[in-house]
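*Asks:* Provided below: protein10.pdb, containing PDB, C-alpha atoms.
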ATOM      1  CA  MET A  29      17.379   2.797 -10.980
ATOM      2  CA  MET A  30      18.151   6.345  -9.864
ATOM      3  CA  GLY A  31      15.049   7.649 -11.626
ATOM      4  CA  MET A  32      12.870   5.064  -9.925
ATOM      5  CA  LEU A  33      14.326   5.975  -6.539
ATOM      6  CA  LEU A  34      13.416   9.607  -7.129
ATOM      7  CA  ALA A  35       9.929   8.734  -8.375
ATOM      8  CA  ILE A  36       8.906   6.504  -5.450
ATOM      9  CA  GLY A  37       7.941   9.403  -3.209
ATOM     10  CA  MET A  38       6.003  11.114  -5.969
ATOM     11  CA  LEU A  39       4.138   7.987  -7.060
ATOM     12  CA  VAL A  40       1.724   7.769  -4.158
ATOM     13  CA  ASP A  41       0.991  11.494  -4.048
ATOM     14  CA  ASN A  42      -1.813  11.446  -6.638
ATOM     15  CA  SER A  43      -3.501   8.440  -5.069
ATOM     16  CA  VAL A  44      -3.312   9.879  -1.551
ATOM     17  CA  VAL A  45      -4.803  13.205  -2.617
ATOM     18  CA  ILE A  46      -7.671  11.551  -4.485
ATOM     19  CA  THR A  47      -8.321   8.978  -1.748
ATOM     20  CA  GLU A  48      -8.459  11.669   0.947
ATOM     21  CA  SER A  49     -10.907  13.720  -1.100
ATOM     22  CA  ILE A  50     -13.088  10.682  -1.794
ATOM     23  CA  PHE A  51     -13.246   9.623   1.831
ATOM     24  CA  ARG A  52     -14.019  13.158   2.974
ATOM     25  CA  HIS A  53     -16.984  13.210   0.615
ATOM     26  CA  ARG A  54     -17.917   9.693   1.710
ATOM     27  CA  GLN A  55     -18.085  10.846   5.335
ATOM     28  CA  LEU A  56     -20.352  13.713   4.313
ATOM     29  CA  THR A  57     -22.722  11.489   2.301
ATOM     30  CA  PRO A  58     -22.236   7.860   3.417
ATOM     31  CA  ASP A  59     -25.502   6.690   1.840
ATOM     32  CA  ARG A  60     -24.438   7.679  -1.708
ATOM     33  CA  PRO A  61     -20.959   6.171  -2.295
ATOM     34  CA  LEU A  62     -20.851   6.547  -6.075
ATOM     35  CA  GLU A  63     -21.860  10.216  -6.060
ATOM     36  CA  ALA A  64     -19.436  10.957  -3.218
ATOM     37  CA  THR A  65     -16.611   9.228  -5.076
ATOM     38  CA  LEU A  66     -17.274  11.193  -8.250
ATOM     39  CA  ALA A  67     -17.486  14.464  -6.302
ATOM     40  CA  GLY A  68     -14.196  13.684  -4.545
ATOM     41  CA  VAL A  69     -12.404  12.941  -7.795
ATOM     42  CA  LYS A  70     -13.828  16.010  -9.536
ATOM     43  CA  GLU A  71     -12.768  18.207  -6.634
ATOM     44  CA  VAL A  72      -9.049  17.370  -6.885
ATOM     45  CA  GLY A  73      -8.782  15.894 -10.377
ATOM     46  CA  VAL A  74      -7.445  19.043 -12.014
ATOM     47  CA  ALA A  75      -4.986  19.602  -9.157
ATOM     48  CA  THR A  76      -3.504  16.113  -9.516
ATOM     49  CA  LEU A  77      -3.366  16.567 -13.278
ATOM     50  CA  ALA A  78      -1.545  19.886 -12.903
ATOM     51  CA  GLY A  79       0.862  18.495 -10.304
ATOM     52  CA  THR A  80       1.737  15.510 -12.447
ATOM     53  CA  PHE A  81       2.201  17.557 -15.592
ATOM     54  CA  SER A  82       4.344  20.128 -13.819
ATOM     55  CA  THR A  83       6.669  17.338 -12.677
ATOM     56  CA  THR A  84       6.816  15.681 -16.083
ATOM     57  CA  ILE A  85       7.393  19.008 -17.847
ATOM     58  CA  VAL A  86      10.528  19.466 -15.760
ATOM     59  CA  PHE A  87      11.984  16.151 -16.924
ATOM     60  CA  LEU A  88      10.793  16.009 -20.560
ATOM     61  CA  PRO A  89      13.392  18.489 -21.900
ATOM     62  CA  LEU A  90      16.078  16.056 -20.737
ATOM     63  CA  VAL A  91      14.588  13.394 -23.000
ATOM     64  CA  PHE A  92      14.062  15.547 -26.095
ATOM     65  CA  GLY A  93      16.776  18.193 -25.612
ATOM     66  CA  GLU A  94      20.284  18.494 -26.930
ATOM     67  CA  LYS A  95      22.385  15.358 -26.533
ATOM     68  CA  ASN A  96      25.631  15.627 -24.604
ATOM     69  CA  GLN A  97      27.299  13.457 -21.974
ATOM     70  CA  MET A  98      25.257  14.836 -19.112
ATOM     71  CA  SER A  99      21.900  14.724 -20.881
ATOM     72  CA  ILE A 100      22.512  11.138 -22.003
ATOM     73  CA  PHE A 101      23.050  10.170 -18.354
ATOM     74  CA  LEU A 102      20.011  12.152 -17.183
ATOM     75  CA  VAL A 103      17.725  10.557 -19.786
ATOM     76  CA  HIS A 104      18.031   7.363 -17.753
ATOM     77  CA  VAL A 105      16.741   9.304 -14.758
ATOM     78  CA  ALA A 106      14.052  11.295 -16.592
ATOM     79  CA  VAL A 107      12.334   8.489 -18.508
ATOM     80  CA  PRO A 108      11.437   6.362 -15.442
ATOM     81  CA  ILE A 109      10.169   9.433 -13.610
ATOM     82  CA  VAL A 110       7.964  10.568 -16.510
ATOM     83  CA  VAL A 111       6.584   7.070 -17.095
ATOM     84  CA  ALA A 112       5.986   6.468 -13.381
ATOM     85  CA  MET A 113       4.256   9.811 -12.906
ATOM     86  CA  LEU A 114       1.945   9.294 -15.872
ATOM     87  CA  ALA A 115       1.129   5.760 -14.704
ATOM     88  CA  SER A 116       0.467   7.122 -11.216
ATOM     89  CA  LEU A 117      -1.954   9.670 -12.646
ATOM     90  CA  VAL A 118      -3.833   7.025 -14.636
ATOM     91  CA  VAL A 119      -4.113   4.739 -11.590
ATOM     92  CA  ALA A 120      -5.198   7.582  -9.310
ATOM     93  CA  GLN A 121      -7.842   8.835 -11.742
ATOM     94  CA  THR A 122      -9.292   5.425 -12.678
ATOM     95  CA  LEU A 123      -8.440   2.484 -10.419
ATOM     96  CA  ILE A 124      -8.490   4.269  -7.053
ATOM     97  CA  PRO A 125     -11.990   5.768  -7.518
ATOM     98  CA  MET A 126     -13.344   2.453  -8.811
ATOM     99  CA  LEU A 127     -12.084   0.626  -5.732
ATOM    100  CA  ALA A 128     -13.004   3.403  -3.291
ATOM    101  CA  ALA A 129     -16.615   3.440  -4.476
ATOM    102  CA  ARG A 130     -16.949  -0.214  -3.468
ATOM    103  CA  MET A 131     -15.362   0.110  -0.042
ATOM    104  CA  PRO A 132     -17.410   0.886   3.061
ATOM    105  CA  SER A 133     -17.355   4.412   4.438
ATOM    106  CA  PRO A 134     -14.587   5.014   6.949
ATOM    107  CA  PRO A 135     -15.792   5.120  10.547
ATOM    108  CA  PRO A 136     -15.624   8.457  12.354
ATOM    109  CA  VAL A 137     -12.743   8.928  14.762
ATOM    110  CA  ALA A 138     -13.792   8.173  18.339
ATOM    111  CA  ALA A 139     -13.466  11.259  20.561
ATOM    112  CA  GLY A 140     -11.693   9.471  23.440
ATOM    113  CA  SER A 141      -9.275   7.456  21.331
ATOM    114  CA  TRP A 142      -5.576   8.238  21.049
ATOM    115  CA  PHE A 143      -6.017   9.531  17.507
ATOM    116  CA  GLY A 144      -9.097  11.532  18.505
ATOM    117  CA  ARG A 145      -7.154  13.255  21.292
ATOM    118  CA  LEU A 146      -4.254  13.927  18.910
ATOM    119  CA  GLN A 147      -6.654  15.365  16.345
ATOM    120  CA  ALA A 148      -8.323  17.583  18.953
ATOM    121  CA  ARG A 149      -4.947  18.846  20.197
ATOM    122  CA  TYR A 150      -3.887  19.618  16.626
ATOM    123  CA  GLU A 151      -7.129  21.521  15.992
ATOM    124  CA  ARG A 152      -6.631  23.592  19.163
ATOM    125  CA  SER A 153      -3.019  24.425  18.276
ATOM    126  CA  LEU A 154      -4.011  25.323  14.715
ATOM    127  CA  ASP A 155      -6.826  27.551  15.986
ATOM    128  CA  TRP A 156      -4.382  29.271  18.339
ATOM    129  CA  ALA A 157      -1.820  29.762  15.558
ATOM    130  CA  LEU A 158      -4.430  31.249  13.235
ATOM    131  CA  ALA A 159      -5.675  33.553  16.003
ATOM    132  CA  HIS A 160      -2.137  34.911  16.610
ATOM    133  CA  PRO A 161      -0.665  35.655  13.148
ATOM    134  CA  LYS A 162       1.875  38.241  14.325
ATOM    135  CA  LEU A 163       3.293  35.947  16.982
ATOM    136  CA  MET A 164       3.485  33.084  14.466
ATOM    137  CA  ALA A 165       5.266  35.362  11.975
ATOM    138  CA  LEU A 166       7.786  36.284  14.660
ATOM    139  CA  PHE A 167       8.207  32.614  15.543
ATOM    140  CA  THR A 168       8.803  31.759  11.876
ATOM    141  CA  VAL A 169      11.381  34.534  11.482
ATOM    142  CA  LEU A 170      13.170  33.352  14.638
ATOM    143  CA  ILE A 171      13.301  29.790  13.341
ATOM    144  CA  LEU A 172      14.670  30.944   9.990
ATOM    145  CA  ALA A 173      17.192  33.220  11.665
ATOM    146  CA  SER A 174      18.370  30.447  13.971
ATOM    147  CA  ARG A 175      18.752  28.131  10.982
ATOM    148  CA  CYS A 176      20.814  30.706   9.116
ATOM    149  CA  HIS A 177      23.009  31.288  12.160
ATOM    150  CA  CYS A 178      23.686  27.580  12.711
ATOM    151  CA  SER A 179      24.803  26.887   9.159
ATOM    152  CA  ARG A 180      27.722  29.334   9.277
TER     153      ARG A 180
END
Output the structure of this file as structure tokens.

*Replies:*
Amino acid sequence: MMGMLLAIGMLVDNSVVITESIFRHRQLTPDRPLEATLAGVKEVGVATLAGTFSTTIVFLPLVFGEKNQMSIFLVHVAVPIVVAMLASLVVAQTLIPMLAARMPSPPPVAAGSWFGRLQARYERSLDWALAHPKLMALFTVLILASRCHCSR
């Protein structure tokens, strides 16, 4: 149960990354859904594979390593995480693209809508932050310093 609780947050990660890439390509070429879906999956397929394998590689030594009291307990955490992550990868690489290719293209965000205004505000603040790297570095250092001061 503890392993499944830890894996829940990681399970949707592969599918979200692939779905976002697919729908970005679908917005660029809405008249060719199959080609856009394949391009979206190819673009992030290796990244999702690497992310999944890096997580499973962390937990696999617990399954196959030396057996002691602690490792026996942690095997019950590691096995569900490894199985869930591999299943998540298979679903994200096969089922999600198959379903996404058959769905209609997402509509563009309306400029005057609440989400459109939020998106425009985010773009402006990101542009400002990228235009002022020294000020953002100072801001980051101040945040880290304030965090270090508060924890004492």

*Asks:* Per residue of range 35-149 of chain A within 12 Å of range 153-165 of chain A, what are the shortest atom pair and its distance in Å to one decimal, counting all atoms listed in the file, with rows by chain and residue number, as JSON lines?

*Replies:*
{"residue": "A:Leu146", "atom": "CA", "partner": "A:Ser153", "partner_atom": "CA", "distance": 10.6}
{"residue": "A:Gln147", "atom": "CA", "partner": "A:Ser153", "partner_atom": "CA", "distance": 10.0}
{"residue": "A:Ala148", "atom": "CA", "partner": "A:Ser153", "partner_atom": "CA", "distance": 8.7}
{"residue": "A:Arg149", "atom": "CA", "partner": "A:Ser153", "partner_atom": "CA", "distance": 6.2}

*Asks:* Find the spatial neighbours of Phe81 in chain A, counting all atoms listed in the file, within a cut-off of 12 Å - ignore same-chain residues fewer than 2 positions away - and output them as a list in words.

*Replies:*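 Here the answer would be Asn42, Val74, Ala75, Thr76, Leu77, Ala78, Gly79, Thr83, Thr84, Ile85, Val86, Phe87, Leu88, Ile109, Val110, Val111, Ala112, Met113, Leu114, Ala115, Ser116 and Leu117 of chain A.
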
*Asks:* Would you save the residues of that selection, restricted to C-alpha atoms, as a PDB file, keeping the file's coordinate frame?

*Replies:*
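Generated file (part32.pdb):
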ATOM      1  CA  ASN A  42      -1.813  11.446  -6.638  1.00  0.00           C
ATOM      2  CA  VAL A  74      -7.445  19.043 -12.014  1.00  0.00           C
ATOM      3  CA  ALA A  75      -4.986  19.602  -9.157  1.00  0.00           C
ATOM      4  CA  THR A  76      -3.504  16.113  -9.516  1.00  0.00           C
ATOM      5  CA  LEU A  77      -3.366  16.567 -13.278  1.00  0.00           C
ATOM      6  CA  ALA A  78      -1.545  19.886 -12.903  1.00  0.00           C
ATOM      7  CA  GLY A  79       0.862  18.495 -10.304  1.00  0.00           C
ATOM      8  CA  THR A  83       6.669  17.338 -12.677  1.00  0.00           C
ATOM      9  CA  THR A  84       6.816  15.681 -16.083  1.00  0.00           C
ATOM     10  CA  ILE A  85       7.393  19.008 -17.847  1.00  0.00           C
ATOM     11  CA  VAL A  86      10.528  19.466 -15.760  1.00  0.00           C
ATOM     12  CA  PHE A  87      11.984  16.151 -16.924  1.00  0.00           C
ATOM     13  CA  LEU A  88      10.793  16.009 -20.560  1.00  0.00           C
ATOM     14  CA  ILE A 109      10.169   9.433 -13.610  1.00  0.00           C
ATOM     15  CA  VAL A 110       7.964  10.568 -16.510  1.00  0.00           C
ATOM     16  CA  VAL A 111       6.584   7.070 -17.095  1.00  0.00           C
ATOM     17  CA  ALA A 112       5.986   6.468 -13.381  1.00  0.00           C
ATOM     18  CA  MET A 113       4.256   9.811 -12.906  1.00  0.00           C
ATOM     19  CA  LEU A 114       1.945   9.294 -15.872  1.00  0.00           C
ATOM     20  CA  ALA A 115       1.129   5.760 -14.704  1.00  0.00           C
ATOM     21  CA  SER A 116       0.467   7.122 -11.216  1.00  0.00           C
ATOM     22  CA  LEU A 117      -1.954   9.670 -12.646  1.00  0.00           C
TER      23      LEU A 117
END

*Asks:* Just give me the gap between CA of His104 in chain A and CA of Met29 in chain A in Å, one decimal is fine.

*Replies:*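 If I compute the distance from CA of His104 in chain A to CA of Met29 in chain A, I get 8.2 Å.
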
*Asks:* Run the PyMOL selection byres ((chain A and resi 135) around 12) against the file shown and list the residues it catches, as an NGL selection string.

*Replies:* :A and (51-52 or 54-56 or 58 or 131-134 or 136-139)

*Asks:* Would you save the residues from that selection as an mmCIF file, in the frame of the given file, using C-alpha atoms?

*Replies:*
data_model
loop_
_atom_site.group_PDB
_atom_site.id
_atom_site.type_symbol
_atom_site.label_atom_id
_atom_site.label_comp_id
_atom_site.auth_asym_id
_atom_site.auth_seq_id
_atom_site.Cartn_x
_atom_site.Cartn_y
_atom_site.Cartn_z
ATOM 1 C CA PHE A 51 -13.246 9.623 1.831
ATOM 2 C CA ARG A 52 -14.019 13.158 2.974
ATOM 3 C CA ARG A 54 -17.917 9.693 1.710
ATOM 4 C CA GLN A 55 -18.085 10.846 5.335
ATOM 5 C CA LEU A 56 -20.352 13.713 4.313
ATOM 6 C CA PRO A 58 -22.236 7.860 3.417
ATOM 7 C CA MET A 131 -15.362 0.110 -0.042
ATOM 8 C CA PRO A 132 -17.410 0.886 3.061
ATOM 9 C CA SER A 133 -17.355 4.412 4.438
ATOM 10 C CA PRO A 134 -14.587 5.014 6.949
ATOM 11 C CA PRO A 136 -15.624 8.457 12.354
ATOM 12 C CA VAL A 137 -12.743 8.928 14.762
ATOM 13 C CA ALA A 138 -13.792 8.173 18.339
ATOM 14 C CA ALA A 139 -13.466 11.259 20.561
#

*Asks:* Record the distance separating CA of Val69 in chain A and CA of Ile46 in chain A, expressed in Å with one decimal.

*Replies:* 5.9 Å

*Asks:* Just how far from CA of Arg152 in chain A is CA of Ala173 in chain A, in Å to one decimal?

*Replies:* 26.8 Å

*Asks:* Skip Leu127 in chain A itself and residues of its chain fewer than 6 positions away, then list as a ChimeraX atom specification all residues within 12 Å of it, counting all atoms listed in the file.

*Replies:* /A:43,46-47,50-51,61-62,65,119-121
